[in-house]
$ cat start_13.pdb   # PDB, C-alpha atoms
MODEL        1
ATOM      1  CA  MET Z  10     164.811 262.419-132.591
ATOM      2  CA  PRO Z  11     167.285 264.534-130.621
ATOM      3  CA  HIS Z  12     170.139 262.054-130.984
ATOM      4  CA  LEU Z  13     170.055 262.523-134.772
ATOM      5  CA  LEU Z  14     172.907 264.999-135.182
ATOM      6  CA  ASP Z  15     173.349 264.927-138.972
ATOM      7  CA  PRO Z  16     173.270 268.640-139.896
ATOM      8  CA  TYR Z  17     170.785 267.997-142.709
ATOM      9  CA  PHE Z  18     168.291 266.189-140.513
ATOM     10  CA  LYS Z  19     168.844 267.502-136.990
ATOM     11  CA  GLN Z  20     165.464 268.723-135.720
ATOM     12  CA  SER Z  21     163.932 268.300-139.167
ATOM     13  CA  ILE Z  22     160.299 267.864-139.997
ATOM     14  CA  VAL Z  23     160.218 265.660-143.070
ATOM     15  CA  PHE Z  24     157.004 265.449-145.050
ATOM     16  CA  LEU Z  25     157.072 261.894-146.417
ATOM     17  CA  CYS Z  26     155.822 262.038-150.012
ATOM     18  CA  GLU Z  27     156.374 258.450-151.085
ATOM     19  CA  HIS Z  28     157.276 255.209-149.347
ATOM     20  CA  THR Z  29     157.464 251.979-151.317
ATOM     21  CA  LYS Z  30     159.404 248.719-151.202
ATOM     22  CA  GLU Z  31     162.058 250.426-153.327
ATOM     23  CA  GLY Z  32     162.664 253.355-150.957
ATOM     24  CA  ALA Z  33     161.246 256.636-149.750
ATOM     25  CA  MET Z  34     161.217 260.309-150.683
ATOM     26  CA  GLY Z  35     160.401 263.279-148.470
ATOM     27  CA  LEU Z  36     160.737 267.041-148.147
ATOM     28  CA  ILE Z  37     162.194 268.859-145.152
ATOM     29  CA  VAL Z  38     159.646 271.617-144.523
ATOM     30  CA  ASN Z  39     161.023 273.500-141.519
ATOM     31  CA  LYS Z  40     164.436 274.773-142.641
ATOM     32  CA  PRO Z  41     164.306 278.009-144.621
ATOM     33  CA  PHE Z  42     167.466 279.201-146.288
ATOM     34  CA  GLU Z  43     168.761 282.096-144.220
ATOM     35  CA  ASN Z  44     171.475 283.302-146.579
ATOM     36  CA  PRO Z  45     170.736 286.881-147.698
ATOM     37  CA  ASP Z  46     172.819 286.222-150.816
ATOM     38  CA  LEU Z  47     170.534 283.383-151.894
ATOM     39  CA  LYS Z  48     168.991 285.780-154.393
ATOM     40  CA  ASP Z  49     172.289 285.777-156.289
ATOM     41  CA  LEU Z  50     172.019 282.019-156.788
ATOM     42  CA  PHE Z  51     168.810 282.317-158.769
ATOM     43  CA  THR Z  52     168.579 283.407-162.350
ATOM     44  CA  ALA Z  53     165.328 283.912-164.217
ATOM     45  CA  VAL Z  54     162.991 281.055-163.383
ATOM     46  CA  LEU Z  55     159.925 282.236-165.255
ATOM     47  CA  ASP Z  56     161.547 284.693-167.639
ATOM     48  CA  ASP Z  57     164.351 287.238-167.670
ATOM     49  CA  LYS Z  58     162.319 289.728-165.627
ATOM     50  CA  ASN Z  59     161.448 287.535-162.634
ATOM     51  CA  ASN Z  60     163.548 286.167-159.815
ATOM     52  CA  ILE Z  61     162.165 283.273-157.771
ATOM     53  CA  LEU Z  62     162.569 285.235-154.533
ATOM     54  CA  GLU Z  63     160.280 287.923-155.898
ATOM     55  CA  ILE Z  64     157.573 285.265-156.331
ATOM     56  CA  VAL Z  65     157.858 283.129-153.199
ATOM     57  CA  PRO Z  66     158.572 284.724-149.805
ATOM     58  CA  LYS Z  67     160.766 281.885-148.481
ATOM     59  CA  VAL Z  68     162.825 279.104-149.956
ATOM     60  CA  PHE Z  69     163.270 275.996-147.837
ATOM     61  CA  PHE Z  70     166.011 273.378-147.801
ATOM     62  CA  GLY Z  71     164.075 270.272-148.847
ATOM     63  CA  GLY Z  72     166.958 267.849-148.435
ATOM     64  CA  PRO Z  73     170.427 267.009-149.693
ATOM     65  CA  VAL Z  74     169.354 265.189-152.888
ATOM     66  CA  MET Z  75     169.157 267.240-156.099
ATOM     67  CA  VAL Z  76     169.384 270.535-154.239
ATOM     68  CA  GLU Z  77     169.369 272.344-157.577
ATOM     69  CA  ARG Z  78     165.772 271.241-158.224
ATOM     70  CA  GLY Z  79     162.822 273.242-156.945
ATOM     71  CA  ILE Z  80     159.706 271.469-155.713
ATOM     72  CA  VAL Z  81     156.479 273.069-154.569
ATOM     73  CA  LEU Z  82     154.525 271.179-151.918
ATOM     74  CA  HIS Z  83     151.039 272.622-152.030
ATOM     75  CA  SER Z  84     147.486 272.160-150.844
ATOM     76  CA  GLY Z  85     145.256 269.729-152.665
ATOM     77  CA  LYS Z  86     142.810 272.519-153.505
ATOM     78  CA  TYR Z  87     145.044 273.623-156.383
ATOM     79  CA  THR Z  88     146.197 271.414-159.195
ATOM     80  CA  THR Z  89     148.200 271.988-162.325
ATOM     81  CA  GLU Z  90     149.704 269.877-165.054
ATOM     82  CA  GLY Z  91     152.535 267.942-163.508
ATOM     83  CA  SER Z  92     151.135 267.975-159.962
ATOM     84  CA  ILE Z  93     151.493 264.658-158.177
ATOM     85  CA  ASN Z  94     148.724 263.760-155.769
ATOM     86  CA  ILE Z  95     150.162 262.732-152.397
ATOM     87  CA  SER Z  96     146.873 262.694-150.488
ATOM     88  CA  HIS Z  97     143.539 264.486-150.471
ATOM     89  CA  ASP Z  98     145.220 267.454-148.762
ATOM     90  CA  PHE Z  99     148.625 267.584-150.460
ATOM     91  CA  GLN Z 100     150.157 267.677-153.920
ATOM     92  CA  MET Z 101     153.625 268.483-155.206
ATOM     93  CA  THR Z 102     155.095 269.644-158.469
ATOM     94  CA  SER Z 103     158.318 270.859-159.991
ATOM     95  CA  SER Z 104     156.510 272.491-162.909
ATOM     96  CA  LYS Z 105     157.391 276.143-163.463
ATOM     97  CA  LYS Z 106     153.722 276.811-164.230
ATOM     98  CA  ILE Z 107     152.887 276.830-160.531
ATOM     99  CA  LEU Z 108     155.400 279.642-159.982
ATOM    100  CA  HIS Z 109     153.804 281.589-162.794
ATOM    101  CA  ASP Z 110     150.354 281.017-161.234
ATOM    102  CA  ILE Z 111     151.644 282.076-157.797
ATOM    103  CA  SER Z 112     153.085 285.273-159.306
ATOM    104  CA  LEU Z 113     149.645 286.052-160.791
ATOM    105  CA  LYS Z 114     147.861 285.193-157.503
ATOM    106  CA  LYS Z 115     146.194 282.238-159.274
ATOM    107  CA  GLY Z 116     148.268 279.555-157.582
ATOM    108  CA  PRO Z 117     147.705 277.722-154.321
ATOM    109  CA  GLU Z 118     147.254 279.800-151.187
ATOM    110  CA  LEU Z 119     149.129 277.200-149.157
ATOM    111  CA  TYR Z 120     152.525 276.026-150.338
ATOM    112  CA  ARG Z 121     156.202 275.536-149.493
ATOM    113  CA  PHE Z 122     158.894 276.004-152.118
ATOM    114  CA  VAL Z 123     161.858 273.735-151.385
ATOM    115  CA  LEU Z 124     165.176 273.058-153.037
ATOM    116  CA  GLY Z 125     166.185 269.418-152.984
ATOM    117  CA  HIS Z 126     164.624 266.464-151.244
ATOM    118  CA  ALA Z 127     165.460 263.645-148.870
ATOM    119  CA  GLY Z 128     165.771 260.123-150.187
ATOM    120  CA  TRP Z 129     166.195 256.672-148.691
ATOM    121  CA  GLY Z 130     167.141 253.467-150.477
ATOM    122  CA  LYS Z 131     165.383 250.133-150.140
ATOM    123  CA  GLY Z 132     164.927 249.335-146.434
ATOM    124  CA  GLN Z 133     166.983 252.337-145.267
ATOM    125  CA  LEU Z 134     164.136 254.354-143.743
ATOM    126  CA  GLU Z 135     162.708 251.268-142.045
ATOM    127  CA  GLN Z 136     166.108 250.605-140.474
ATOM    128  CA  GLU Z 137     166.392 254.227-139.285
ATOM    129  CA  ILE Z 138     162.895 254.043-137.781
ATOM    130  CA  GLY Z 139     163.877 250.762-136.097
ATOM    131  CA  ASN Z 140     166.958 252.509-134.684
ATOM    132  CA  GLY Z 141     164.697 255.130-133.129
ATOM    133  CA  ASP Z 142     165.934 257.924-135.396
ATOM    134  CA  TRP Z 143     162.484 259.026-136.586
ATOM    135  CA  LEU Z 144     158.994 259.372-135.188
ATOM    136  CA  LEU Z 145     156.078 259.113-137.612
ATOM    137  CA  GLN Z 146     152.722 260.814-137.378
ATOM    138  CA  GLU Z 147     149.856 262.050-139.485
ATOM    139  CA  THR Z 148     149.891 265.726-140.387
ATOM    140  CA  SER Z 149     147.593 268.433-141.669
ATOM    141  CA  PRO Z 150     147.868 271.337-144.094
ATOM    142  CA  ASP Z 151     147.492 273.677-141.120
ATOM    143  CA  PHE Z 152     150.595 272.236-139.440
ATOM    144  CA  ILE Z 153     152.714 272.089-142.614
ATOM    145  CA  PHE Z 154     151.776 275.470-144.060
ATOM    146  CA  ASN Z 155     150.753 277.616-141.082
ATOM    147  CA  THR Z 156     152.999 276.553-138.211
ATOM    148  CA  LYS Z 157     156.053 278.754-137.852
ATOM    149  CA  GLU Z 158     158.981 276.668-139.053
ATOM    150  CA  SER Z 159     161.109 277.499-136.018
ATOM    151  CA  SER Z 160     158.525 275.898-133.716
ATOM    152  CA  MET Z 161     157.496 272.896-135.854
ATOM    153  CA  TRP Z 162     159.941 270.386-134.367
ATOM    154  CA  LYS Z 163     159.034 271.173-130.758
ATOM    155  CA  ALA Z 164     155.317 271.190-131.609
ATOM    156  CA  ALA Z 165     155.610 267.760-133.247
ATOM    157  CA  ALA Z 166     157.522 266.379-130.252
ATOM    158  CA  ARG Z 167     154.920 267.804-127.839
ATOM    159  CA  SER Z 168     152.175 266.012-129.786
ATOM    160  CA  PHE Z 169     153.862 262.755-128.680
ATOM    161  CA  GLY Z 170     153.979 264.006-125.099
ATOM    162  CA  PHE Z 171     157.722 264.693-125.163
ATOM    163  CA  ASP Z 172     159.347 267.634-123.456
ATOM    164  CA  THR Z 173     162.224 268.517-125.793
ATOM    165  CA  ASP Z 174     164.063 270.273-122.980
ATOM    166  CA  THR Z 175     164.521 266.923-121.217
ATOM    167  CA  PHE Z 176     165.593 264.940-124.299
ATOM    168  CA  SER Z 177     168.962 263.252-124.256
ATOM    169  CA  GLY Z 178     171.343 263.485-127.171
ATOM    170  CA  VAL Z 179     171.847 259.726-126.960
ATOM    171  CA  GLY Z 180     169.558 257.227-128.684
ATOM    172  CA  GLY Z 181     168.923 253.586-127.995
ATOM    173  CA  GLN Z 182     166.481 250.726-128.047
ATOM    174  CA  ALA Z 183     164.611 248.980-125.270
TER
ENDMDL
END
$ encode --input "start_13.pdb" --output "structure tokens"
Amino acid sequence: MPHLLDPYFKQSIVFLCEHTKEGAMGLIVNKPFENPDLKDLFTAVLDDKNNILEIVPKVFFGGPVMVERGIVLHSGKYTTEGSINISHDFQMTSSKKILHDISLKKGPELYRFVLGHAGWGKGQLEQEIGNGDWLLQETSPDFIFNTKESSMWKAAARSFGFDTDTFSGVGGQA
């Protein structure tokens, strides 16, 4: 929601991967790293000859937890050892094999490579939803993988019938 001003989550689209009684885990999918020096942060991921940015076109900020860990959210049409099934349409993995497969054009056609993830402790996400900080909705591979990241937040808000230009920066409950 617009009143959420935390720099990590402001205007974020979070793909919720897991939600249990113990907490929740998700991936921010609409915030690519813009730093041109990001390439310098990566060393060989597959071997000494390959840099991750030569394999994947964009690297996204997945959230503030374990930002040093890469995760690939990908379509359910591709699977590899270590892939975790999220739904019929989505899987995720942190296995380096998927990067190797992508480099050989044998990997998933639809994917997002993120660094880090978002995490919530027991009851935390429910409380934030109760505070009106988040809106929840179903999604599709087309939205996650094919919608331009700079327009995802407004598109999601419009699907609820909200005009983001008239949103207030102040939240509340009725």
$ closest_residue --input "start_13.pdb" --among "Z:Met34, Z:Leu14, Z:Ile64, Z:Ala166" --to "Ile95 (chain Z)" --atoms "all atoms listed in the file"
Z:Met34
$ closest_atom_pairs --input "start_13.pdb" --of "region 127-152 of chain Z" --to "region 113-119 of chain Z" --cutoff "12 Å" --atoms "only C-alpha atoms" --output "tab-separated table"
residue	atom	partner	partner_atom	distance
Z:Ser149	CA	Z:Leu119	CA	11.6
Z:Pro150	CA	Z:Leu119	CA	7.8
Z:Asp151	CA	Z:Leu119	CA	8.9
Z:Phe152	CA	Z:Leu119	CA	11.0
$ residues_around --input "start_13.pdb" --residues "region 65-77 of chain Z" --least-positions-apart "2" --cutoff "9 Å" --atoms "all atoms listed in the file" --output "NGL selection string"
:Z and (17-18 or 23 or 35-43 or 61-63 or 79-80 or 108 or 111-112 or 121-128)
$ closest_residue --input "start_13.pdb" --among "Z:Leu25, Z:Ile138, Z:Met101, Z:Leu145" --to "Lys86 (chain Z)" --atoms "all atoms listed in the file"
Z:Met101
$ closest_residue --input "start_13.pdb" --among "Z:Thr148, Z:Gln133, Z:Thr88, Z:Gln100" --to "Lys30 (chain Z)" --atoms "all atoms listed in the file"
Z:Gln133
